[in-house]
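Engineer: Next comes the structure file upload-v4.tsv, holding TSV, C-alpha atoms.
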```tsv
chain	number	residue	atom	x	y	z
X	4	MET	CA	0.00	0.00	0.00
X	5	GLN	CA	1.14	3.51	-0.78
X	6	GLU	CA	-0.24	6.84	0.31
X	7	PHE	CA	0.18	10.48	-0.53
X	8	SER	CA	-1.30	13.82	0.54
X	9	VAL	CA	-3.11	16.44	-1.49
X	10	ALA	CA	-3.56	20.04	-0.36
X	11	THR	CA	-6.82	21.35	-1.76
X	12	ARG	CA	-7.29	25.07	-2.24
X	13	SER	CA	-11.00	25.81	-2.14
X	14	ARG	CA	-14.27	24.39	-0.88
X	15	THR	CA	-14.94	22.54	-4.13
X	16	GLU	CA	-12.13	21.45	-6.40
X	17	PHE	CA	-11.29	18.54	-8.68
X	18	VAL	CA	-7.57	17.78	-8.37
X	19	ASP	CA	-5.93	15.58	-11.02
X	20	ILE	CA	-3.97	12.95	-9.06
X	21	THR	CA	-3.15	10.62	-11.97
X	22	ALA	CA	0.60	11.21	-11.75
X	23	GLU	CA	0.65	10.58	-8.00
X	24	VAL	CA	-1.32	7.36	-8.46
X	25	GLN	CA	1.05	6.24	-11.22
X	26	ASP	CA	4.01	6.94	-8.91
X	27	ALA	CA	2.34	4.90	-6.17
X	28	VAL	CA	1.84	1.97	-8.56
X	29	ALA	CA	5.53	2.13	-9.48
X	30	ALA	CA	6.56	2.30	-5.80
X	31	MET	CA	4.39	-0.76	-5.06
X	32	GLY	CA	6.12	-2.66	-7.84
X	33	CYS	CA	2.72	-3.53	-9.29
X	34	LYS	CA	3.13	-4.71	-12.88
X	35	GLU	CA	-0.21	-6.38	-13.66
X	36	GLY	CA	-3.57	-6.39	-11.93
X	37	THR	CA	-6.01	-3.87	-10.54
X	38	VAL	CA	-5.33	-1.07	-8.10
X	39	THR	CA	-7.80	0.65	-5.80
X	40	VAL	CA	-7.45	4.40	-5.27
X	41	PHE	CA	-9.20	5.11	-1.97
X	42	ILE	CA	-9.89	8.28	0.01
X	43	PRO	CA	-10.22	7.89	3.79
X	44	HIS	CA	-12.46	10.97	4.14
X	45	THR	CA	-16.22	11.50	4.03
X	46	THR	CA	-16.50	14.94	2.43
X	47	ALA	CA	-14.33	14.24	-0.61
X	48	GLY	CA	-14.43	11.51	-3.24
X	49	ILE	CA	-12.47	9.89	-6.04
X	50	THR	CA	-13.68	9.85	-9.64
X	51	ILE	CA	-12.40	9.46	-13.18
X	52	ASN	CA	-13.23	12.07	-15.79
X	53	GLU	CA	-11.81	14.21	-18.59
X	54	ASN	CA	-8.21	15.36	-18.38
X	55	ALA	CA	-8.16	17.95	-21.16
X	56	ASP	CA	-10.54	20.90	-20.77
X	57	PRO	CA	-10.73	22.30	-17.20
X	58	ASP	CA	-14.21	23.58	-18.06
X	59	VAL	CA	-15.43	19.98	-17.69
X	60	THR	CA	-14.60	19.74	-14.01
X	61	ALA	CA	-15.85	23.30	-13.47
X	62	ASP	CA	-19.16	22.23	-15.02
X	63	MET	CA	-19.18	19.10	-12.85
X	64	GLU	CA	-18.69	21.20	-9.73
X	65	SER	CA	-21.55	23.53	-10.62
X	66	ALA	CA	-23.88	20.70	-11.69
X	67	LEU	CA	-23.27	18.93	-8.37
X	68	GLU	CA	-23.89	22.18	-6.50
X	69	LYS	CA	-27.27	22.51	-8.26
X	70	MET	CA	-28.16	18.91	-7.39
X	71	VAL	CA	-27.04	19.21	-3.76
X	72	PRO	CA	-27.02	22.87	-2.66
X	73	TRP	CA	-24.65	23.85	0.14
X	74	ARG	CA	-27.54	25.36	2.09
X	75	ALA	CA	-30.80	23.43	2.12
X	76	GLY	CA	-31.99	23.13	5.71
X	77	TYR	CA	-29.74	20.21	6.66
X	78	ARG	CA	-29.78	18.82	10.20
X	79	HIS	CA	-26.05	18.03	10.60
X	80	SER	CA	-24.64	20.77	12.81
X	81	GLU	CA	-21.29	21.01	11.06
X	82	GLY	CA	-23.14	22.48	8.07
X	83	ASN	CA	-21.30	20.38	5.47
X	84	SER	CA	-23.95	17.77	4.67
X	85	ALA	CA	-23.87	18.68	0.99
X	86	ALA	CA	-20.22	17.62	0.93
X	87	HIS	CA	-21.10	14.25	2.46
X	88	VAL	CA	-23.78	13.64	-0.16
X	89	LYS	CA	-21.49	14.62	-3.05
X	90	ALA	CA	-18.74	12.37	-1.66
X	91	SER	CA	-21.04	9.35	-1.85
X	92	LEU	CA	-22.22	10.36	-5.34
X	93	MET	CA	-18.63	10.35	-6.61
X	94	GLY	CA	-17.62	7.36	-4.48
X	95	SER	CA	-14.79	6.60	-2.10
X	96	SER	CA	-12.62	4.79	-4.63
X	97	VAL	CA	-11.94	3.98	-8.24
X	98	GLN	CA	-10.41	0.81	-9.61
X	99	VAL	CA	-7.90	0.97	-12.44
X	100	LEU	CA	-6.32	-1.92	-14.36
X	101	VAL	CA	-2.52	-2.00	-14.55
X	102	ASN	CA	-0.54	-3.37	-17.48
X	103	GLU	CA	3.26	-3.53	-17.58
X	104	GLY	CA	3.33	-1.22	-14.59
X	105	ARG	CA	1.18	1.47	-16.22
X	106	LEU	CA	-2.32	2.59	-15.24
X	107	MET	CA	-4.69	1.63	-18.04
X	108	LEU	CA	-6.77	4.73	-18.67
X	109	GLY	CA	-8.59	5.96	-21.74
X	110	THR	CA	-7.02	8.76	-23.76
X	111	TRP	CA	-9.09	11.45	-22.08
X	112	GLN	CA	-9.26	9.96	-18.58
X	113	ALA	CA	-7.65	11.27	-15.40
X	114	VAL	CA	-8.12	10.21	-11.78
X	115	TYR	CA	-9.49	13.08	-9.70
X	116	LEU	CA	-9.73	13.78	-6.01
X	117	SER	CA	-13.04	15.63	-5.74
X	118	GLU	CA	-12.93	18.02	-2.79
X	119	PHE	CA	-16.29	19.21	-1.45
X	120	ASP	CA	-15.37	20.73	1.92
X	121	GLY	CA	-11.95	22.29	1.47
X	122	PRO	CA	-9.49	23.71	1.61
X	123	ARG	CA	-7.88	20.83	3.52
X	124	SER	CA	-5.04	18.38	3.46
X	125	ARG	CA	-6.37	15.04	2.18
X	126	GLU	CA	-4.85	11.57	2.19
X	127	VAL	CA	-5.13	9.12	-0.70
X	128	TRP	CA	-4.39	5.42	-0.34
X	129	VAL	CA	-3.41	3.18	-3.27
X	130	GLY	CA	-3.45	-0.59	-2.84
A	16	MET	CA	-16.57	-15.38	-0.02
A	17	GLN	CA	-18.73	-14.56	2.97
A	18	GLU	CA	-22.28	-13.31	3.20
A	19	PHE	CA	-24.62	-11.92	5.77
A	20	SER	CA	-28.18	-10.58	5.94
A	21	VAL	CA	-29.48	-7.20	7.01
A	22	ALA	CA	-33.08	-6.54	8.01
A	23	THR	CA	-33.96	-2.97	7.10
A	24	ARG	CA	-36.74	-1.21	8.94
A	25	SER	CA	-38.10	1.52	6.66
A	26	ARG	CA	-38.30	2.51	3.01
A	27	THR	CA	-35.11	4.54	3.20
A	28	GLU	CA	-32.40	3.76	5.71
A	29	PHE	CA	-28.61	3.81	5.93
A	30	VAL	CA	-27.47	0.80	7.99
A	31	ASP	CA	-23.90	0.74	9.31
A	32	ILE	CA	-22.53	-2.70	8.36
A	33	THR	CA	-18.86	-2.06	9.16
A	34	ALA	CA	-18.75	-4.60	11.99
A	35	GLU	CA	-20.36	-7.32	9.85
A	36	VAL	CA	-17.90	-6.62	7.03
A	37	GLN	CA	-14.99	-6.79	9.47
A	38	ASP	CA	-16.30	-10.13	10.76
A	39	ALA	CA	-16.53	-11.41	7.18
A	40	VAL	CA	-12.94	-10.37	6.50
A	41	ALA	CA	-11.85	-12.27	9.61
A	42	ALA	CA	-13.87	-15.35	8.60
A	43	MET	CA	-12.25	-15.28	5.14
A	44	GLY	CA	-8.82	-15.22	6.76
A	45	CYS	CA	-7.95	-12.18	4.63
A	46	LYS	CA	-4.88	-10.46	6.09
A	47	GLU	CA	-3.73	-8.16	3.27
A	48	GLY	CA	-5.36	-6.98	0.07
A	49	THR	CA	-8.62	-5.45	-1.03
A	50	VAL	CA	-12.13	-6.67	-0.32
A	51	THR	CA	-15.27	-5.97	-2.29
A	52	VAL	CA	-18.51	-5.40	-0.36
A	53	PHE	CA	-21.28	-6.16	-2.86
A	54	ILE	CA	-25.07	-6.01	-2.67
A	55	PRO	CA	-26.98	-8.39	-4.98
A	56	HIS	CA	-30.06	-6.14	-5.13
A	57	THR	CA	-31.14	-3.31	-7.43
A	58	THR	CA	-33.04	-1.02	-5.05
A	59	ALA	CA	-30.34	-0.72	-2.39
A	60	GLY	CA	-26.69	0.25	-2.58
A	61	ILE	CA	-23.42	0.24	-0.67
A	62	THR	CA	-21.56	3.41	0.24
A	63	ILE	CA	-19.00	4.76	2.68
A	64	ASN	CA	-19.77	7.84	4.75
A	65	GLU	CA	-19.62	9.36	8.23
A	66	ASN	CA	-19.97	7.07	11.24
A	67	ALA	CA	-20.45	9.67	13.98
A	68	ASP	CA	-23.47	11.95	13.65
A	69	PRO	CA	-26.67	10.16	12.48
A	70	ASP	CA	-27.87	13.52	11.13
A	71	VAL	CA	-25.43	13.02	8.24
A	72	THR	CA	-27.17	9.94	6.87
A	73	ALA	CA	-30.56	11.54	7.59
A	74	ASP	CA	-29.46	14.51	5.47
A	75	MET	CA	-28.19	12.15	2.77
A	76	GLU	CA	-31.56	10.40	2.66
A	77	SER	CA	-33.45	13.67	2.29
A	78	ALA	CA	-31.02	15.10	-0.27
A	79	LEU	CA	-31.37	11.96	-2.40
A	80	GLU	CA	-35.15	12.17	-2.08
A	81	LYS	CA	-35.05	15.75	-3.41
A	82	MET	CA	-32.83	14.69	-6.31
A	83	VAL	CA	-34.92	11.63	-7.17
A	84	PRO	CA	-38.47	11.99	-5.81
A	85	TRP	CA	-40.40	8.82	-5.02
A	86	ARG	CA	-43.26	9.99	-7.24
A	87	ALA	CA	-42.34	11.63	-10.52
A	88	GLY	CA	-44.37	10.00	-13.29
A	89	TYR	CA	-42.15	6.93	-13.69
A	90	ARG	CA	-43.06	4.20	-16.19
A	91	HIS	CA	-41.96	1.13	-14.18
A	92	SER	CA	-45.15	-0.46	-12.88
A	93	GLU	CA	-43.70	-1.54	-9.53
A	94	GLY	CA	-43.53	2.14	-8.59
A	95	ASN	CA	-40.02	1.95	-7.10
A	96	SER	CA	-37.99	3.51	-9.91
A	97	ALA	CA	-36.60	6.15	-7.57
A	98	ALA	CA	-35.04	3.35	-5.53
A	99	HIS	CA	-33.38	1.91	-8.65
A	100	VAL	CA	-31.90	5.31	-9.53
A	101	LYS	CA	-30.62	5.92	-6.01
A	102	ALA	CA	-29.08	2.42	-5.93
A	103	SER	CA	-26.99	3.23	-9.00
A	104	LEU	CA	-26.04	6.65	-7.59
A	105	MET	CA	-24.62	4.99	-4.46
A	106	GLY	CA	-23.27	1.99	-6.36
A	107	SER	CA	-23.47	-1.77	-5.94
A	108	SER	CA	-20.17	-2.15	-4.09
A	109	VAL	CA	-17.34	-0.48	-2.26
A	110	GLN	CA	-13.72	-1.60	-2.14
A	111	VAL	CA	-11.76	-1.41	1.09
A	112	LEU	CA	-8.07	-2.11	1.64
A	113	VAL	CA	-7.17	-4.64	4.36
A	114	ASN	CA	-4.03	-4.50	6.48
A	115	GLU	CA	-3.13	-7.10	9.11
A	116	GLY	CA	-6.67	-8.41	8.88
A	117	ARG	CA	-8.30	-5.03	9.57
A	118	LEU	CA	-10.41	-2.92	7.22
A	119	MET	CA	-8.51	0.26	6.44
A	120	LEU	CA	-11.02	3.05	6.89
A	121	GLY	CA	-10.61	6.69	7.78
A	122	THR	CA	-11.39	7.81	11.31
A	123	TRP	CA	-14.90	8.93	10.43
A	124	GLN	CA	-15.74	6.30	7.82
A	125	ALA	CA	-18.29	3.50	8.05
A	126	VAL	CA	-19.59	1.11	5.39
A	127	TYR	CA	-23.33	1.57	4.87
A	128	LEU	CA	-26.02	-0.49	3.25
A	129	SER	CA	-28.29	2.18	1.75
A	130	GLU	CA	-31.85	0.90	1.62
A	131	PHE	CA	-34.20	2.69	-0.78
A	132	ASP	CA	-37.17	0.30	-1.02
A	133	GLY	CA	-37.53	-1.29	2.39
A	134	PRO	CA	-38.26	-2.65	4.79
A	135	ARG	CA	-36.74	-5.88	3.48
A	136	SER	CA	-34.19	-8.55	4.23
A	137	ARG	CA	-31.05	-7.81	2.19
A	138	GLU	CA	-28.00	-9.92	1.47
A	139	VAL	CA	-24.44	-8.57	1.43
A	140	TRP	CA	-21.54	-10.45	-0.13
A	141	VAL	CA	-17.92	-9.87	0.84
A	142	GLY	CA	-15.14	-11.31	-1.33
J	24	MET	CA	-7.38	-8.58	-19.54
J	25	GLN	CA	-10.14	-8.82	-22.12
J	26	GLU	CA	-11.96	-6.15	-24.06
J	27	PHE	CA	-14.98	-5.80	-26.27
J	28	SER	CA	-16.81	-3.04	-28.14
J	29	VAL	CA	-20.38	-1.84	-27.83
J	30	ALA	CA	-22.16	0.19	-30.51
J	31	THR	CA	-24.66	2.49	-28.82
J	32	ARG	CA	-27.62	3.74	-30.78
J	33	SER	CA	-28.78	6.99	-29.19
J	34	ARG	CA	-27.54	9.84	-27.00
J	35	THR	CA	-28.67	8.13	-23.82
J	36	GLU	CA	-28.96	4.38	-23.58
J	37	PHE	CA	-28.40	1.63	-21.01
J	38	VAL	CA	-26.96	-1.42	-22.79
J	39	ASP	CA	-26.98	-4.77	-20.98
J	40	ILE	CA	-23.42	-6.14	-21.32
J	41	THR	CA	-23.70	-9.00	-18.82
J	42	ALA	CA	-23.25	-11.72	-21.44
J	43	GLU	CA	-20.17	-10.01	-22.91
J	44	VAL	CA	-18.65	-9.64	-19.44
J	45	GLN	CA	-19.36	-13.30	-18.69
J	46	ASP	CA	-17.67	-14.27	-21.98
J	47	ALA	CA	-14.65	-12.14	-21.03
J	48	VAL	CA	-14.41	-13.85	-17.65
J	49	ALA	CA	-14.45	-17.24	-19.38
J	50	ALA	CA	-11.80	-16.12	-21.90
J	51	MET	CA	-9.59	-14.93	-19.03
J	52	GLY	CA	-9.89	-18.34	-17.39
J	53	CYS	CA	-10.97	-16.62	-14.17
J	54	LYS	CA	-12.58	-19.17	-11.84
J	55	GLU	CA	-12.61	-17.40	-8.46
J	56	GLY	CA	-12.04	-13.83	-7.41
J	57	THR	CA	-13.26	-10.38	-8.35
J	58	VAL	CA	-13.35	-8.81	-11.80
J	59	THR	CA	-13.39	-5.13	-12.66
J	60	VAL	CA	-15.54	-4.00	-15.59
J	61	PHE	CA	-14.05	-0.67	-16.69
J	62	ILE	CA	-14.99	1.86	-19.35
J	63	PRO	CA	-12.13	3.96	-20.78
J	64	HIS	CA	-14.43	6.87	-21.70
J	65	THR	CA	-15.59	9.99	-19.86
J	66	THR	CA	-19.14	10.44	-21.19
J	67	ALA	CA	-20.37	6.92	-20.45
J	68	GLY	CA	-20.36	4.82	-17.29
J	69	ILE	CA	-20.82	1.31	-15.96
J	70	THR	CA	-23.53	0.40	-13.48
J	71	ILE	CA	-25.51	-2.57	-12.19
J	72	ASN	CA	-29.28	-2.46	-12.15
J	73	GLU	CA	-32.45	-4.40	-12.99
J	74	ASN	CA	-32.40	-6.81	-15.91
J	75	ALA	CA	-36.12	-7.50	-16.27
J	76	ASP	CA	-38.33	-4.50	-17.04
J	77	PRO	CA	-36.85	-2.08	-19.61
J	78	ASP	CA	-38.98	0.66	-18.05
J	79	VAL	CA	-36.49	0.74	-15.17
J	80	THR	CA	-33.58	1.88	-17.30
J	81	ALA	CA	-35.90	4.24	-19.20
J	82	ASP	CA	-36.88	5.78	-15.84
J	83	MET	CA	-33.21	5.97	-14.85
J	84	GLU	CA	-32.38	7.82	-18.05
J	85	SER	CA	-35.15	10.36	-17.51
J	86	ALA	CA	-34.37	10.81	-13.79
J	87	LEU	CA	-30.71	11.49	-14.61
J	88	GLU	CA	-31.77	13.95	-17.32
J	89	LYS	CA	-33.86	15.86	-14.74
J	90	MET	CA	-30.95	15.91	-12.30
J	91	VAL	CA	-28.40	16.97	-14.92
J	92	PRO	CA	-30.15	18.64	-17.88
J	93	TRP	CA	-28.42	18.49	-21.27
J	94	ARG	CA	-28.64	22.27	-21.58
J	95	ALA	CA	-27.90	24.31	-18.46
J	96	GLY	CA	-25.41	27.02	-19.36
J	97	TYR	CA	-22.30	24.83	-19.20
J	98	ARG	CA	-18.87	26.25	-20.00
J	99	HIS	CA	-17.33	23.24	-21.79
J	100	SER	CA	-17.40	24.10	-25.50
J	101	GLU	CA	-18.19	20.57	-26.68
J	102	GLY	CA	-21.64	20.95	-25.12
J	103	ASN	CA	-21.65	17.50	-23.52
J	104	SER	CA	-20.93	18.41	-19.90
J	105	ALA	CA	-24.12	16.72	-18.72
J	106	ALA	CA	-22.74	13.45	-20.08
J	107	HIS	CA	-19.50	13.92	-18.12
J	108	VAL	CA	-21.43	14.51	-14.89
J	109	LYS	CA	-23.69	11.50	-15.43
J	110	ALA	CA	-20.66	9.32	-16.20
J	111	SER	CA	-19.15	10.14	-12.80
J	112	LEU	CA	-22.51	9.61	-11.08
J	113	MET	CA	-22.70	6.07	-12.47
J	114	GLY	CA	-18.96	5.47	-12.13
J	115	SER	CA	-16.23	4.20	-14.43
J	116	SER	CA	-16.34	0.60	-13.22
J	117	VAL	CA	-18.19	-2.07	-11.29
J	118	GLN	CA	-16.66	-4.96	-9.40
J	119	VAL	CA	-18.28	-8.38	-9.53
J	120	LEU	CA	-17.34	-11.50	-7.58
J	121	VAL	CA	-16.69	-14.68	-9.59
J	122	ASN	CA	-17.43	-18.19	-8.35
J	123	GLU	CA	-16.67	-21.33	-10.38
J	124	GLY	CA	-16.15	-19.14	-13.42
J	125	ARG	CA	-19.55	-17.42	-13.17
J	126	LEU	CA	-20.30	-13.80	-12.38
J	127	MET	CA	-22.04	-13.64	-9.02
J	128	LEU	CA	-25.01	-11.35	-9.57
J	129	GLY	CA	-28.36	-11.12	-7.83
J	130	THR	CA	-31.40	-12.56	-9.57
J	131	TRP	CA	-32.47	-9.22	-11.00
J	132	GLN	CA	-29.04	-7.73	-11.66
J	133	ALA	CA	-27.40	-6.97	-14.99
J	134	VAL	CA	-24.24	-5.05	-15.81
J	135	TYR	CA	-25.01	-2.01	-17.94
J	136	LEU	CA	-22.96	0.30	-20.09
J	137	SER	CA	-24.67	3.67	-19.55
J	138	GLU	CA	-24.24	5.82	-22.65
J	139	PHE	CA	-24.75	9.57	-22.18
J	140	ASP	CA	-23.26	11.05	-25.37
J	141	GLY	CA	-23.99	8.54	-28.12
J	142	PRO	CA	-24.41	7.07	-30.52
J	143	ARG	CA	-20.80	5.89	-30.49
J	144	SER	CA	-18.60	2.83	-30.46
J	145	ARG	CA	-17.46	2.22	-26.87
J	146	GLU	CA	-14.77	-0.04	-25.46
J	147	VAL	CA	-15.16	-2.05	-22.27
J	148	TRP	CA	-12.21	-3.60	-20.43
J	149	VAL	CA	-12.52	-6.57	-18.07
J	150	GLY	CA	-9.65	-7.47	-15.79
```
Would you write the structure of this file as structure tokens?
Structural biologist:
Amino acid sequence: MQEFSVATRSRTEFVDITAEVQDAVAAMGCKEGTVTVFIPHTTAGITINENADPDVTADMESALEKMVPWRAGYRHSEGNSAAHVKASLMGSSVQVLVNEGRLMLGTWQAVYLSEFDGPRSREVWVG
Amino acid sequence: MQEFSVATRSRTEFVDITAEVQDAVAAMGCKEGTVTVFIPHTTAGITINENADPDVTADMESALEKMVPWRAGYRHSEGNSAAHVKASLMGSSVQVLVNEGRLMLGTWQAVYLSEFDGPRSREVWVG
Amino acid sequence: MQEFSVATRSRTEFVDITAEVQDAVAAMGCKEGTVTVFIPHTTAGITINENADPDVTADMESALEKMVPWRAGYRHSEGNSAAHVKASLMGSSVQVLVNEGRLMLGTWQAVYLSEFDGPRSREVWVG
């Protein structure tokens, strides 16, 4: 298992962590198989989406905000329930196949940490 | 592979199954690796979220209900289409790393069965 | 690792790929374990849901369209941001347990490719 930290910079942010995950796979010595990229937090998620146009993740952030508004009469006293919901919508992990030591991703795919209650320091586990 | 049953008590309910999953991992003799927690149903899901304040899962239930209302002119004659949609939003499984026989979860994380068409008896598979 | 192609026929479509995944598992010679069904695209996803009544997936398509409308003032110039959001909501992969060479699915479960920006030819990887 390998881990690394990500410093997020705003409440909502999609951070491309593909290079860090690839480094973790190399450090694990994993040549073939499937790796799990897992986030041990409950107000951020992991997802795979487009790596090219940053407008895509900006649109994803705003679409999620429309679906799950930050303020909507939630009960949880910390006030960050929207972040918990979005975290489960994105999911706590992605699985990626590995071939000859390389993450197998489509041409336009990147692995993202999706922050919904930042800025914070987040951990990511790869195993 | 191990399995266990969960009796849900209402139409919508998040049931913390972390202890049952940990027991399954022990029964499998799994010491290191990754386990899949899978639900063989289509109107309930599996997700990871906060284990401390029950208001969080209550807020998740109500946020999902706003996103996918129970009644919204669906075609499916059983009348539980909202539950099918929510099941896919949460997902049919989570993956959790295992170290020295213990589930590796963040401090605030629990594994939840998310019931959307209960009350029912549900099966969970761990492998 | 095995792969196969799926030709989708409309912008939004849930295509049952369970038989193709089962064939891939057989071709891999996988008898026991867990397989990952992964889509290397960012405007389509993979999910598990009901295999019986086609109204269920029709309802899922329309519920997702209400949650993430095709037109909603997105920034991404390709105009398909809704498809990117829906892809992350469904997820890029599912994990399925395998026993004696057979996918372990519930009675009513099928594995679906969820197309959100078709029609296109899509690849699916199983590993």
Engineer: For the atom pair CA of Arg14 (chain X) and CA of Asp120 (chain X), what is the interatomic distance in Å to one decimal place?
Structural biologist: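 Going from CA of Arg14 (chain X) over to CA of Asp120 (chain X) covers 4.7 Å.
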Engineer: Report the closest atom pair, with its distance in Å rounded to one decimal, for each residue of chain A that has an atom no farther than 10 Å from chain J; count all atoms listed in the file, sort by chain and then rising residue number, and write it as CSV.
Structural biologist:
```
residue,atom,partner,partner_atom,distance
A:Met16,CA,J:Leu120,CA,8.5
A:Thr49,CA,J:Thr57,CA,10.0
A:Val50,CA,J:Thr57,CA,8.9
A:Thr51,CA,J:Gln118,CA,7.3
A:Val52,CA,J:Gln118,CA,9.2
A:Phe53,CA,J:Val119,CA,7.6
A:Ile54,CA,J:Gly129,CA,8.0
A:Pro55,CA,J:Gly129,CA,4.2
A:His56,CA,J:Gly129,CA,5.9
A:Thr57,CA,J:Asn72,CA,5.1
A:Thr58,CA,J:Asn72,CA,8.2
A:Ala59,CA,J:Asn72,CA,10.0
A:Lys81,CA,J:Met90,CA,9.8
A:Met82,CA,J:Met90,CA,6.4
A:Val83,CA,J:Ala86,CA,6.7
A:Pro84,CA,J:Ala86,CA,9.0
A:Ala87,CA,J:Ala86,CA,8.7
A:Gly88,CA,J:Asp82,CA,9.0
A:Tyr89,CA,J:Asp82,CA,5.8
A:Arg90,CA,J:Asp78,CA,5.7
A:His91,CA,J:Asp78,CA,4.9
A:Ser92,CA,J:Asp78,CA,8.1
A:Glu93,CA,J:Val79,CA,9.4
A:Gly94,CA,J:Val79,CA,9.7
A:Asn95,CA,J:Val79,CA,8.9
A:Ser96,CA,J:Val79,CA,6.1
A:Ala97,CA,J:Met83,CA,8.0
A:Ala98,CA,J:Met83,CA,9.9
A:His99,CA,J:Asn72,CA,6.9
A:Val100,CA,J:Met83,CA,5.5
A:Lys101,CA,J:Met83,CA,9.2
A:Ala102,CA,J:Asn72,CA,7.9
A:Ser103,CA,J:Met113,CA,6.2
A:Leu104,CA,J:Leu112,CA,5.8
A:Met105,CA,J:Met113,CA,8.3
A:Gly106,CA,J:Thr70,CA,7.3
A:Ser107,CA,J:Ile71,CA,6.6
A:Ser108,CA,J:Gln118,CA,7.0
A:Val109,CA,J:Gln118,CA,8.5
A:Gln110,CA,J:Gln118,CA,8.5
A:Glu138,CA,J:Gly129,CA,9.4
A:Trp140,CA,J:Leu120,CA,8.6
A:Val141,CA,J:Leu120,CA,8.6
A:Gly142,CA,J:Leu120,CA,6.6
```
Engineer: CA of Thr27 (chain A) and CA of Gly60 (chain A), how far apart in Å?
Structural biologist: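 For CA of Gly60 (chain A) relative to CA of Thr27 (chain A), the distance reads 11.1 Å.
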Engineer: Do you know which residues lie at most 12 Å from (-21.5, -3.7, 13.2), with coordinates as in the file and only C-alpha atoms counted, and could you write them as a CSV table (one decimal) with C-alpha atoms, in the frame of the given file?
Structural biologist:
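Wrote result_23.csv, looks like this:
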```csv
chain,number,residue,atom,x,y,z
A,19,PHE,CA,-24.6,-11.9,5.8
A,21,VAL,CA,-29.5,-7.2,7.0
A,30,VAL,CA,-27.5,0.8,8.0
A,31,ASP,CA,-23.9,0.7,9.3
A,32,ILE,CA,-22.5,-2.7,8.4
A,33,THR,CA,-18.9,-2.1,9.2
A,34,ALA,CA,-18.8,-4.6,12.0
A,35,GLU,CA,-20.4,-7.3,9.8
A,36,VAL,CA,-17.9,-6.6,7.0
A,37,GLN,CA,-15.0,-6.8,9.5
A,38,ASP,CA,-16.3,-10.1,10.8
A,39,ALA,CA,-16.5,-11.4,7.2
A,66,ASN,CA,-20.0,7.1,11.2
A,125,ALA,CA,-18.3,3.5,8.0
A,126,VAL,CA,-19.6,1.1,5.4
A,127,TYR,CA,-23.3,1.6,4.9
A,128,LEU,CA,-26.0,-0.5,3.2
```
Engineer: Could you check which residues have any atom within 7 Å of (-4.6, 17.1, 4.2), counting all atoms listed in the file with coordinates taken straight from the file, and then list them as a ChimeraX atom specification?
Structural biologist: /X:8-10,123-126
